[in-house]
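Structure below is structure-v6.tsv: TSV, C-alpha atoms.
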chain	number	residue	atom	x	y	z
A	1	MET	CA	69.47	-52.61	-30.86
A	2	SER	CA	66.94	-55.27	-29.99
A	3	VAL	CA	65.03	-53.05	-27.53
A	4	PRO	CA	62.54	-50.43	-28.78
A	5	ARG	CA	62.80	-46.65	-28.76
A	6	PRO	CA	62.02	-45.51	-25.22
A	7	THR	CA	58.58	-44.22	-24.33
A	8	GLN	CA	59.33	-44.08	-20.60
A	9	ALA	CA	61.43	-41.44	-18.84
A	10	VAL	CA	62.95	-42.15	-15.43
A	11	ILE	CA	63.80	-38.98	-13.54
A	12	LEU	CA	66.18	-38.90	-10.57
A	13	ALA	CA	64.58	-36.39	-8.21
A	14	GLY	CA	65.37	-37.48	-4.68
A	15	GLY	CA	68.28	-35.28	-3.58
A	16	LEU	CA	68.36	-32.73	-0.79
A	17	GLY	CA	69.42	-29.84	-3.00
A	18	THR	CA	71.82	-28.55	-0.36
A	19	ARG	CA	73.53	-26.12	-2.76
A	20	LEU	CA	70.20	-24.34	-3.19
A	21	ARG	CA	69.49	-23.62	0.46
A	22	PRO	CA	67.55	-21.77	1.79
A	23	LEU	CA	65.30	-22.23	-1.28
A	24	THR	CA	65.19	-25.99	-0.70
A	25	ASP	CA	64.49	-25.84	3.02
A	26	THR	CA	60.79	-26.28	2.29
A	27	ARG	CA	60.68	-27.77	-1.22
A	28	PRO	CA	62.70	-30.12	-3.44
A	29	LYS	CA	64.79	-28.42	-6.11
A	30	PRO	CA	62.68	-29.40	-9.16
A	31	MET	CA	59.82	-27.46	-7.56
A	32	ILE	CA	61.69	-24.13	-7.66
A	33	GLU	CA	59.57	-21.81	-9.78
A	34	PHE	CA	60.40	-19.86	-12.91
A	35	HIS	CA	57.77	-17.55	-14.39
A	36	GLY	CA	55.12	-19.06	-12.14
A	37	ARG	CA	55.88	-22.70	-13.00
A	38	PRO	CA	58.05	-25.29	-11.23
A	39	PHE	CA	61.18	-26.36	-13.10
A	40	LEU	CA	59.77	-29.89	-13.22
A	41	ASP	CA	56.76	-28.58	-15.15
A	42	TYR	CA	59.04	-27.51	-18.02
A	43	LEU	CA	60.70	-30.95	-18.06
A	44	LEU	CA	57.39	-32.78	-18.23
A	45	GLU	CA	56.16	-30.52	-21.02
A	46	LEU	CA	59.38	-31.27	-22.93
A	47	LEU	CA	58.97	-35.03	-22.50
A	48	GLN	CA	55.40	-35.02	-23.76
A	49	CYS	CA	56.47	-33.09	-26.88
A	50	GLN	CA	59.16	-35.71	-27.57
A	51	GLY	CA	56.83	-38.68	-27.57
A	52	ILE	CA	57.37	-39.91	-24.02
A	53	ARG	CA	54.17	-41.42	-22.64
A	54	ARG	CA	55.13	-42.55	-19.14
A	55	VAL	CA	57.31	-41.01	-16.43
A	56	LEU	CA	58.69	-42.65	-13.31
A	57	LEU	CA	59.86	-40.14	-10.72
A	58	LEU	CA	62.42	-41.45	-8.21
A	59	LEU	CA	61.83	-39.38	-5.08
A	60	GLY	CA	63.32	-39.01	-1.62
A	61	TYR	CA	63.37	-35.50	-0.15
A	62	LEU	CA	59.93	-33.94	0.48
A	63	PRO	CA	58.22	-36.26	-2.03
A	64	GLU	CA	54.70	-35.02	-1.31
A	65	ALA	CA	55.50	-31.63	-2.86
A	66	ILE	CA	56.03	-33.41	-6.19
A	67	THR	CA	53.32	-36.06	-5.95
A	68	GLU	CA	50.66	-33.50	-5.02
A	69	TYR	CA	51.63	-31.19	-7.87
A	70	CYS	CA	52.05	-33.81	-10.60
A	71	GLY	CA	49.31	-36.24	-9.63
A	72	ASP	CA	48.76	-38.88	-12.30
A	73	GLY	CA	50.30	-36.69	-15.02
A	74	SER	CA	47.11	-36.19	-17.00
A	75	ARG	CA	47.59	-32.42	-17.27
A	76	TRP	CA	50.63	-33.15	-19.47
A	77	ASN	CA	48.96	-36.11	-21.19
A	78	LEU	CA	51.46	-38.36	-19.42
A	79	GLU	CA	51.18	-41.32	-17.06
A	80	ILE	CA	53.24	-40.46	-13.98
A	81	ASP	CA	54.22	-42.96	-11.32
A	82	TYR	CA	56.49	-42.65	-8.30
A	83	SER	CA	59.13	-44.65	-6.48
A	84	ILE	CA	59.88	-43.15	-3.07
A	85	SER	CA	62.87	-44.26	-1.01
A	86	ALA	CA	65.07	-42.91	1.76
A	87	VAL	CA	66.57	-39.45	1.43
A	88	GLU	CA	70.01	-41.01	1.93
A	89	ASP	CA	69.68	-43.30	-1.10
A	90	ASP	CA	72.14	-42.62	-3.91
A	91	THR	CA	71.17	-42.76	-7.59
A	92	GLY	CA	72.09	-46.41	-8.02
A	93	ARG	CA	70.07	-47.46	-5.01
A	94	ARG	CA	67.00	-45.58	-6.25
A	95	LEU	CA	67.23	-47.20	-9.67
A	96	TRP	CA	67.89	-50.67	-8.25
A	97	ARG	CA	64.79	-50.41	-6.02
A	98	ALA	CA	62.63	-49.37	-9.00
A	99	LYS	CA	64.04	-51.70	-11.67
A	100	GLU	CA	60.95	-53.94	-11.91
A	101	ARG	CA	58.94	-50.85	-12.90
A	102	ILE	CA	61.39	-49.73	-15.58
A	103	ASP	CA	60.91	-50.53	-19.27
A	104	ASP	CA	63.31	-52.57	-21.39
A	105	SER	CA	64.56	-49.25	-22.83
A	106	PHE	CA	64.27	-45.97	-20.94
A	107	LEU	CA	65.34	-42.34	-20.98
A	108	LEU	CA	67.24	-41.46	-17.80
A	109	MET	CA	67.25	-37.82	-16.67
A	110	TYR	CA	68.25	-35.61	-13.79
A	111	CYS	CA	65.52	-33.43	-12.32
A	112	ASP	CA	67.76	-30.36	-12.30
A	113	ASN	CA	68.88	-30.09	-15.97
A	114	TYR	CA	66.93	-28.79	-18.95
A	115	TRP	CA	68.19	-29.24	-22.50
A	116	PRO	CA	66.08	-29.15	-25.70
A	117	LEU	CA	65.78	-32.89	-25.99
A	118	ARG	CA	66.03	-34.48	-29.46
A	119	LEU	CA	64.97	-38.01	-28.68
A	120	ASP	CA	64.60	-39.23	-32.27
A	121	ARG	CA	68.12	-38.03	-33.09
A	122	MET	CA	69.52	-39.61	-29.96
A	123	TRP	CA	67.83	-42.92	-30.70
A	124	ARG	CA	69.10	-42.92	-34.27
A	125	ALA	CA	72.63	-42.16	-33.07
A	126	LEU	CA	72.46	-45.04	-30.60
A	127	THR	CA	71.12	-47.58	-33.09
A	128	GLU	CA	73.65	-46.59	-35.75
A	129	SER	CA	76.52	-46.89	-33.27
A	130	GLN	CA	75.38	-50.34	-32.11
A	131	ALA	CA	76.47	-49.35	-28.61
A	132	GLN	CA	74.57	-50.57	-25.58
A	133	ALA	CA	73.73	-47.14	-24.17
A	134	LEU	CA	73.96	-43.44	-25.00
A	135	LEU	CA	74.68	-40.36	-22.91
A	136	THR	CA	74.18	-36.72	-23.91
A	137	VAL	CA	77.40	-34.69	-23.61
A	138	TYR	CA	77.66	-30.92	-23.73
A	139	ASP	CA	80.84	-30.08	-25.67
A	140	ASN	CA	81.73	-27.34	-23.16
A	141	ALA	CA	83.68	-25.40	-25.80
A	142	ASP	CA	82.81	-22.23	-23.89
A	143	ASP	CA	84.09	-23.58	-20.52
A	144	TYR	CA	80.59	-23.29	-19.09
A	145	THR	CA	81.47	-25.82	-16.39
A	146	ARG	CA	84.10	-28.44	-15.53
A	147	ASN	CA	84.60	-31.40	-17.85
A	148	ASN	CA	83.92	-34.97	-16.75
A	149	VAL	CA	84.07	-37.05	-19.95
A	150	ARG	CA	86.27	-37.64	-22.95
A	151	VAL	CA	84.80	-38.66	-26.30
A	152	ASP	CA	86.96	-40.46	-28.85
A	153	PRO	CA	86.77	-39.77	-32.63
A	154	SER	CA	84.32	-42.63	-33.15
A	155	GLY	CA	81.81	-40.97	-30.83
A	156	ALA	CA	82.26	-43.47	-28.01
A	157	ILE	CA	82.83	-42.18	-24.49
A	158	ALA	CA	86.44	-43.08	-23.73
A	159	ALA	CA	86.56	-41.78	-20.16
A	160	TYR	CA	84.08	-40.84	-17.46
A	161	ASP	CA	85.30	-39.21	-14.26
A	162	LYS	CA	82.63	-37.99	-11.86
A	163	ASP	CA	85.36	-36.39	-9.74
A	164	ARG	CA	86.72	-34.50	-12.79
A	165	ARG	CA	90.37	-35.28	-12.05
A	166	GLU	CA	91.53	-37.22	-15.12
A	167	PRO	CA	93.65	-35.33	-17.67
A	168	ASN	CA	92.40	-34.38	-21.14
A	169	LEU	CA	88.71	-34.46	-20.34
A	170	GLN	CA	86.50	-32.54	-22.78
A	171	GLY	CA	82.76	-32.49	-22.40
A	172	VAL	CA	80.15	-32.76	-19.67
A	173	ASP	CA	77.56	-35.44	-18.95
A	174	ILE	CA	74.22	-33.59	-18.73
A	175	GLY	CA	71.95	-36.60	-18.27
A	176	PHE	CA	69.37	-37.40	-20.94
A	177	GLY	CA	70.75	-40.89	-21.45
A	178	ILE	CA	69.16	-43.87	-23.19
A	179	PHE	CA	69.75	-47.18	-21.43
A	180	PRO	CA	68.50	-50.75	-21.62
A	181	ARG	CA	67.10	-51.98	-18.33
A	182	GLN	CA	69.70	-54.75	-18.26
A	183	VAL	CA	72.40	-52.24	-17.28
A	184	LEU	CA	70.71	-52.11	-13.88
A	185	ASP	CA	72.00	-55.67	-13.35
A	186	LEU	CA	75.45	-54.11	-12.99
A	187	LEU	CA	74.32	-52.50	-9.72
A	188	PRO	CA	74.99	-54.23	-6.42
A	189	ASP	CA	72.31	-54.32	-3.74
A	190	GLU	CA	74.09	-51.49	-1.98
A	191	ASN	CA	73.76	-47.73	-1.67
A	192	VAL	CA	75.93	-46.73	-4.64
A	193	SER	CA	76.03	-44.10	-7.35
A	194	PHE	CA	74.69	-45.30	-10.71
A	195	GLU	CA	77.15	-43.02	-12.49
A	196	ARG	CA	80.19	-44.24	-10.54
A	197	VAL	CA	79.36	-47.91	-10.99
A	198	VAL	CA	77.69	-48.28	-14.38
A	199	TYR	CA	79.30	-45.60	-16.57
A	200	PRO	CA	82.92	-46.72	-16.06
A	201	GLU	CA	81.94	-50.33	-16.76
A	202	LEU	CA	80.16	-49.35	-19.99
A	203	VAL	CA	83.20	-47.26	-20.95
A	204	ARG	CA	85.47	-50.25	-20.30
A	205	ARG	CA	83.31	-52.33	-22.65
A	206	ARG	CA	83.23	-49.49	-25.23
A	207	ALA	CA	79.45	-49.70	-24.95
A	208	LEU	CA	78.60	-46.07	-24.06
A	209	GLN	CA	78.01	-43.74	-27.01
A	210	ALA	CA	78.05	-39.93	-26.77
A	211	TYR	CA	75.44	-37.64	-28.26
A	212	VAL	CA	77.46	-34.42	-28.37
A	213	THR	CA	75.66	-31.07	-28.36
A	214	GLY	CA	76.82	-27.47	-28.47
A	215	HIS	CA	73.46	-26.22	-27.18
A	216	ARG	CA	73.92	-25.11	-23.61
A	217	TYR	CA	71.90	-26.81	-20.87
A	218	TYR	CA	70.23	-24.94	-18.00
A	219	SER	CA	69.83	-26.10	-14.47
A	220	VAL	CA	68.69	-25.62	-10.90
A	221	SER	CA	71.79	-27.29	-9.54
A	222	SER	CA	73.13	-24.20	-7.74
A	223	LEU	CA	72.11	-20.69	-6.80
A	224	GLU	CA	74.58	-19.27	-9.33
A	225	ARG	CA	72.74	-20.97	-12.23
A	226	LEU	CA	69.28	-19.66	-11.44
A	227	SER	CA	69.51	-16.26	-13.14
A	228	THR	CA	70.52	-17.70	-16.53
A	229	THR	CA	67.89	-20.43	-16.21
A	230	GLU	CA	65.34	-17.70	-15.52
A	231	GLN	CA	66.38	-15.93	-18.74
A	232	PHE	CA	66.29	-19.12	-20.78
A	233	LEU	CA	62.86	-20.20	-19.56
A	234	ALA	CA	61.43	-16.73	-20.26
A	235	ARG	CA	61.41	-17.90	-23.88
A	236	GLU	CA	61.57	-14.42	-25.32
A	237	PRO	CA	60.79	-14.73	-29.03
A	238	ALA	CA	63.79	-14.59	-31.34
A	239	VAL	CA	64.80	-15.40	-34.89
A	240	ILE	CA	68.11	-15.88	-36.68
A	241	VAL	CA	68.63	-14.58	-40.20
A	242	ASP	CA	71.28	-15.16	-42.83
A	243	ARG	CA	72.55	-12.03	-44.60
A	244	ASP	CA	73.33	-12.38	-48.31
A	245	GLY	CA	70.27	-13.65	-50.16
A	246	VAL	CA	67.94	-12.92	-47.23
A	247	LEU	CA	68.46	-9.23	-46.38
A	248	ASN	CA	70.42	-8.12	-49.44
A	249	ARG	CA	70.92	-9.34	-52.97
A	250	ARG	CA	73.37	-12.22	-53.02
A	251	PRO	CA	76.45	-11.41	-55.14
A	252	PRO	CA	77.53	-13.85	-57.87
A	253	LYS	CA	79.46	-16.94	-56.78
A	254	ALA	CA	82.99	-16.21	-55.50
A	255	GLU	CA	82.19	-12.48	-55.33
A	256	TYR	CA	81.45	-10.51	-52.18
A	257	VAL	CA	79.76	-7.44	-50.78
A	258	ARG	CA	83.01	-5.57	-50.18
A	259	SER	CA	81.58	-2.14	-49.40
A	260	TRP	CA	78.23	-0.44	-48.90
A	261	HIS	CA	78.27	0.40	-52.62
A	262	ASP	CA	77.76	-3.35	-53.29
A	263	TRP	CA	74.79	-3.62	-50.90
A	264	HIS	CA	71.27	-3.84	-52.37
A	265	TRP	CA	68.33	-4.46	-50.04
A	266	LEU	CA	65.96	-7.21	-51.12
A	267	PRO	CA	62.27	-6.28	-51.43
A	268	GLY	CA	60.45	-6.51	-48.10
A	269	ALA	CA	63.55	-7.25	-46.00
A	270	GLN	CA	63.47	-4.02	-43.99
A	271	GLU	CA	59.72	-4.30	-43.55
A	272	ALA	CA	60.16	-7.86	-42.26
A	273	LEU	CA	62.62	-6.64	-39.61
A	274	ARG	CA	60.23	-3.85	-38.62
A	275	VAL	CA	57.35	-6.33	-38.28
A	276	LEU	CA	59.51	-8.59	-36.10
A	277	ALA	CA	60.50	-5.65	-33.87
A	278	GLU	CA	56.88	-4.60	-33.45
A	279	ALA	CA	56.03	-8.17	-32.43
A	280	GLY	CA	58.76	-8.13	-29.76
A	281	TYR	CA	61.21	-10.47	-31.50
A	282	ARG	CA	64.96	-10.30	-31.06
A	283	VAL	CA	66.91	-10.76	-34.29
A	284	MET	CA	70.37	-12.26	-34.70
A	285	LEU	CA	72.32	-12.29	-37.95
A	286	VAL	CA	74.77	-15.02	-38.97
A	287	SER	CA	76.84	-14.87	-42.16
A	288	ASN	CA	79.75	-16.62	-43.88
A	289	GLN	CA	82.26	-14.01	-45.11
A	290	ALA	CA	85.06	-16.02	-46.71
A	291	GLY	CA	86.16	-12.91	-48.62
A	292	VAL	CA	88.14	-11.93	-45.53
A	293	ALA	CA	90.22	-15.12	-45.67
A	294	ARG	CA	90.62	-14.74	-49.44
A	295	GLY	CA	92.03	-11.23	-49.01
A	296	VAL	CA	89.43	-9.38	-51.09
A	297	MET	CA	88.11	-7.53	-48.03
A	298	THR	CA	89.03	-6.92	-44.41
A	299	GLU	CA	87.20	-7.34	-41.15
A	300	ASP	CA	87.06	-3.54	-40.96
A	301	ASP	CA	85.22	-3.58	-44.29
A	302	VAL	CA	82.70	-6.06	-42.86
A	303	ALA	CA	82.29	-3.91	-39.74
A	304	ARG	CA	81.58	-0.78	-41.82
A	305	ILE	CA	78.99	-2.62	-43.90
A	306	HIS	CA	77.28	-3.93	-40.79
A	307	GLU	CA	77.32	-0.50	-39.16
A	308	ARG	CA	75.54	1.05	-42.16
A	309	MET	CA	73.18	-1.92	-42.43
A	310	THR	CA	72.21	-1.58	-38.77
A	311	GLU	CA	71.62	2.16	-39.11
A	312	GLU	CA	69.19	1.60	-41.97
A	313	ILE	CA	67.43	-1.23	-40.14
A	314	VAL	CA	66.87	0.99	-37.10
A	315	ALA	CA	65.76	3.91	-39.27
A	316	ALA	CA	63.14	1.64	-40.84
A	317	GLY	CA	61.83	0.64	-37.39
A	318	GLY	CA	63.62	-2.69	-37.05
A	319	ARG	CA	66.25	-4.04	-34.69
A	320	LEU	CA	69.32	-6.25	-34.81
A	321	ASP	CA	70.42	-7.67	-31.47
A	322	GLY	CA	73.49	-9.65	-32.49
A	323	ILE	CA	75.77	-10.06	-35.50
A	324	TYR	CA	77.96	-13.13	-35.99
A	325	TYR	CA	80.07	-13.80	-39.04
A	326	CYS	CA	82.71	-16.31	-40.03
A	327	PRO	CA	85.79	-14.78	-41.71
A	328	HIS	CA	87.36	-18.16	-42.53
A	329	GLY	CA	87.87	-19.78	-45.92
A	330	TRP	CA	85.80	-22.37	-47.76
A	331	ASP	CA	88.03	-25.25	-46.68
A	332	SER	CA	88.43	-24.13	-43.10
A	333	LEU	CA	87.78	-26.67	-40.38
A	334	CYS	CA	86.51	-23.95	-38.04
A	335	ALA	CA	83.38	-24.57	-35.99
A	336	CYS	CA	81.68	-21.37	-37.15
A	337	ARG	CA	81.46	-21.63	-40.94
A	338	LYS	CA	78.06	-22.87	-42.07
A	339	PRO	CA	77.00	-25.64	-42.54
A	340	ARG	CA	78.55	-26.07	-39.10
A	341	PRO	CA	76.35	-24.66	-36.33
A	342	GLY	CA	78.98	-22.68	-34.41
A	343	MET	CA	77.54	-19.21	-35.02
A	344	LEU	CA	74.07	-20.37	-34.04
A	345	HIS	CA	75.50	-21.76	-30.81
A	346	GLN	CA	77.31	-18.45	-30.19
A	347	ALA	CA	73.99	-16.64	-30.43
A	348	GLN	CA	72.35	-19.25	-28.22
A	349	HIS	CA	74.97	-18.85	-25.50
A	350	GLU	CA	74.94	-15.05	-25.53
A	351	PHE	CA	71.16	-14.63	-25.54
A	352	HIS	CA	70.12	-17.85	-23.76
A	353	LEU	CA	68.01	-18.93	-26.73
A	354	ASP	CA	66.11	-22.17	-27.00
A	355	LEU	CA	67.16	-23.04	-30.55
A	356	SER	CA	64.34	-25.56	-30.87
A	357	ARG	CA	62.02	-22.53	-30.69
A	358	THR	CA	64.15	-20.13	-32.78
A	359	VAL	CA	63.50	-20.03	-36.52
A	360	PHE	CA	66.48	-19.60	-38.83
A	361	PHE	CA	65.72	-17.85	-42.13
A	362	GLY	CA	68.27	-18.74	-44.82
A	363	ASP	CA	68.54	-19.02	-48.59
A	364	ASP	CA	71.24	-21.66	-49.00
A	365	GLU	CA	71.34	-25.40	-48.32
A	366	ARG	CA	74.24	-24.74	-45.95
A	367	ASP	CA	71.88	-22.64	-43.86
A	368	GLY	CA	69.48	-25.54	-43.70
A	369	GLN	CA	72.28	-27.91	-42.70
A	370	ALA	CA	73.45	-25.54	-39.97
A	371	ALA	CA	69.89	-25.19	-38.70
A	372	ASP	CA	69.47	-28.95	-38.66
A	373	ALA	CA	72.73	-29.43	-36.76
A	374	ALA	CA	71.71	-26.82	-34.19
A	375	GLY	CA	68.13	-28.03	-33.84
A	376	CYS	CA	66.52	-24.89	-35.31
A	377	PRO	CA	63.35	-24.82	-37.38
A	378	TRP	CA	64.48	-23.61	-40.82
A	379	VAL	CA	62.63	-21.49	-43.37
A	380	HIS	CA	64.02	-21.38	-46.92
A	381	VAL	CA	64.03	-17.82	-48.25
A	382	SER	CA	63.96	-17.38	-52.02
A	383	GLU	CA	62.75	-15.04	-54.74
A	384	TRP	CA	59.34	-16.72	-54.44
A	385	HIS	CA	59.26	-16.88	-50.62
A	386	THR	CA	60.86	-13.78	-49.17
A	387	LEU	CA	61.87	-13.01	-45.62
A	388	LEU	CA	58.70	-10.94	-45.28
A	389	ASP	CA	56.58	-13.89	-46.44
A	390	GLY	CA	58.28	-16.14	-43.89
A	391	VAL	CA	57.91	-13.64	-41.07
A	392	LYS	CA	54.20	-13.19	-41.75
A	393	ARG	CA	53.72	-16.96	-41.66
A	394	LEU	CA	55.69	-17.22	-38.44
A	395	LEU	CA	53.56	-14.61	-36.70
A	396	ALA	CA	50.36	-16.14	-38.05
A	397	ASN	CA	51.31	-19.57	-36.70
A	398	HIS	CA	52.14	-18.16	-33.23
A	399	SER	CA	54.71	-20.93	-32.70
A	400	PRO	CA	57.99	-21.59	-34.54
A	401	ILE	CA	57.66	-25.28	-33.71
A	402	GLU	CA	54.43	-25.46	-35.73
A	403	LEU	CA	55.83	-23.49	-38.66
A	404	SER	CA	55.90	-25.58	-41.83
A	405	VAL	CA	59.02	-25.15	-43.89
A	406	PRO	CA	58.56	-24.66	-47.64

Exercise: express the given structure as structure tokens:
Amino acid sequence: MSVPRPTQAVILAGGLGTRLRPLTDTRPKPMIEFHGRPFLDYLLELLQCQGIRRVLLLLGYLPEAITEYCGDGSRWNLEIDYSISAVEDDTGRRLWRAKERIDDSFLLMYCDNYWPLRLDRMWRALTESQAQALLTVYDNADDYTRNNVRVDPSGAIAAYDKDRREPNLQGVDIGFGIFPRQVLDLLPDENVSFERVVYPELVRRRALQAYVTGHRYYSVSSLERLSTTEQFLAREPAVIVDRDGVLNRRPPKAEYVRSWHDWHWLPGAQEALRVLAEAGYRVMLVSNQAGVARGVMTEDDVARIHERMTEEIVAAGGRLDGIYYCPHGWDSLCACRKPRPGMLHQAQHEFHLDLSRTVFFGDDERDGQAADAAGCPWVHVSEWHTLLDGVKRLLANHSPIELSVP
């Protein structure tokens, strides 16, 4: 693309939030608090961490609640400006009114959705596609909500239906789109929806690329969503661990741990799990177990091994909150077998993890590839850098985001 990577975020934050009443009777929805902080605070923190320098907030309903809280943005090391228009203005009208204050390339967001933004990845996907614009799409494989897009095999968005009536839709627009300012020229000087006018036209031109994610998004769009958003934003510390080669001795290639007789704890592994438990971390295990598909063991065998493993972990003072394994073969096209990130997304959905803050300890390059696909920090476990070594470094750094990977 000829325009630069965006350093400005434009946030649509003018709606009435009627589905959140009575909470929004006296405040706009991005000011609903979680753990003592407004939802908008989390979004601004996220933007600053992703290299955004300036934010333009498009306001309508009770704008002073936002302007007084955010001020000039200096507390987030951001420059925040505001465009305030009528409460009745739709998204297109708000953007059209503010277009002279919008950069040549900008990140467009909704004020009511949080997703662990990966702006560098999104920008690279857009430039490689040579599309005009990009929109983040949740794959919705877990039927979290109703679909409103369809993505073709090339990664282009082939259909966008805000009313969600078209057949064969799969995926959900969650905002976090990268657009050139020139798309605003597609808007008439009328009170219209940006999504209803611009997205279908970009789709018609095959100019709208999808950035598909399996990481669930969290929102303040309705009262029903608030409890899971509360859990997600609690940011309870958690890690994900591989099994063979991290907890126990990895068997030779094409051989498997078929019974507890084949299990041999690696030095320090149980101590590492105890240290994590004492520090308040939840621990999830993910493991490829192709021996099931190859017929050398059964899922009952895997269950018995995991039952005994868990007993010994607990006896040593540790904990294991979730176990996920893939029973499929090496050549399977399943979503769960590493290096695909399906098991990490399963854990994310069940425990409302922020994978960008959840370290994955693994010993194999497939673990690293799965971590990369899911957006996890990855620590390579080996004979020279054990799980216990990695755990001690994690706790010493106090933040998985700052953890350097060997």

Students should find that atom CA of A:Gln270 and atom CA of A:Ala293 are spaced 29.0 Å

From the list A:Arg124, A:Arg146, A:Arg165, A:Arg282, the nearest residue to A:Tyr211 using all atoms listed in the file is A:Arg124

A:Ser259 proximity check over A:Pro339, A:Gly291, A:Pro116, A:Gly375, using all atoms listed in the file: winner is A:Gly291

- Please provide as JSON, numbers by chain all residues within 6 Å of A:Arg54, with the sequence filter that same-chain residues fewer than 6 positions apart are discarded (counting all atoms listed in the file). {"A": [8, 78, 79, 80]}

Between atom CA of A:Gly17 and atom CA of A:Asn113 - distance in Å to one decimal: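 Atom CA of A:Gly17 lies at a distance of 13.0 Å from atom CA of A:Asn113.
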
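Each of A:Cys326, A:Val149, A:Ala158, A:Leu95 was checked against A:Gln182 using all atoms listed in the file; the smallest atom-to-atom distance is that of A:Leu95.
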
Could you rebuild stretch 357-373 of chain A with N, CA and C atoms and give it back as an mmCIF file, keeping the file's coordinate frame?
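Below you can see result-v9.cif, which holds the result:
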data_model
loop_
_atom_site.group_PDB
_atom_site.id
_atom_site.type_symbol
_atom_site.label_atom_id
_atom_site.label_comp_id
_atom_site.auth_asym_id
_atom_site.auth_seq_id
_atom_site.Cartn_x
_atom_site.Cartn_y
_atom_site.Cartn_z
ATOM 1 N N ARG A 357 63.128 -23.470 -30.547
ATOM 2 C CA ARG A 357 62.020 -22.530 -30.690
ATOM 3 C C ARG A 357 62.441 -21.280 -31.468
ATOM 4 N N THR A 358 63.600 -21.304 -32.102
ATOM 5 C CA THR A 358 64.150 -20.130 -32.780
ATOM 6 C C THR A 358 64.290 -20.419 -34.265
ATOM 7 N N VAL A 359 63.470 -19.790 -35.080
ATOM 8 C CA VAL A 359 63.500 -20.030 -36.520
ATOM 9 C C VAL A 359 64.730 -19.381 -37.132
ATOM 10 N N PHE A 360 65.353 -20.114 -38.059
ATOM 11 C CA PHE A 360 66.480 -19.600 -38.830
ATOM 12 C C PHE A 360 66.007 -19.408 -40.275
ATOM 13 N N PHE A 361 66.076 -18.173 -40.758
ATOM 14 C CA PHE A 361 65.720 -17.850 -42.130
ATOM 15 C C PHE A 361 66.997 -17.822 -42.970
ATOM 16 N N GLY A 362 67.092 -18.693 -43.972
ATOM 17 C CA GLY A 362 68.270 -18.740 -44.820
ATOM 18 C C GLY A 362 67.917 -19.092 -46.247
ATOM 19 N N ASP A 363 68.831 -18.808 -47.172
ATOM 20 C CA ASP A 363 68.540 -19.020 -48.590
ATOM 21 C C ASP A 363 69.373 -20.136 -49.208
ATOM 22 N N ASP A 364 70.268 -20.719 -48.450
ATOM 23 C CA ASP A 364 71.240 -21.660 -49.000
ATOM 24 C C ASP A 364 71.128 -22.991 -48.271
ATOM 25 N N GLU A 365 71.444 -24.096 -48.980
ATOM 26 C CA GLU A 365 71.340 -25.400 -48.320
ATOM 27 C C GLU A 365 72.270 -25.499 -47.118
ATOM 28 N N ARG A 366 73.359 -24.741 -47.112
ATOM 29 C CA ARG A 366 74.240 -24.740 -45.950
ATOM 30 C C ARG A 366 73.550 -24.146 -44.730
ATOM 31 N N ASP A 367 72.673 -23.184 -44.964
ATOM 32 C CA ASP A 367 71.880 -22.640 -43.860
ATOM 33 C C ASP A 367 70.977 -23.710 -43.279
ATOM 34 N N GLY A 368 70.344 -24.462 -44.172
ATOM 35 C CA GLY A 368 69.480 -25.540 -43.700
ATOM 36 C C GLY A 368 70.242 -26.607 -42.946
ATOM 37 N N GLN A 369 71.454 -26.910 -43.400
ATOM 38 C CA GLN A 369 72.280 -27.910 -42.700
ATOM 39 C C GLN A 369 72.722 -27.409 -41.338
ATOM 40 N N ALA A 370 73.063 -26.112 -41.263
ATOM 41 C CA ALA A 370 73.450 -25.540 -39.970
ATOM 42 C C ALA A 370 72.265 -25.530 -39.016
ATOM 43 N N ALA A 371 71.088 -25.178 -39.526
ATOM 44 C CA ALA A 371 69.890 -25.190 -38.700
ATOM 45 C C ALA A 371 69.597 -26.589 -38.179
ATOM 46 N N ASP A 372 69.728 -27.568 -39.052
ATOM 47 C CA ASP A 372 69.470 -28.950 -38.660
ATOM 48 C C ASP A 372 70.449 -29.400 -37.582
ATOM 49 N N ALA A 373 71.718 -29.045 -37.744
ATOM 50 C CA ALA A 373 72.730 -29.430 -36.760
ATOM 51 C C ALA A 373 72.492 -28.769 -35.417
#
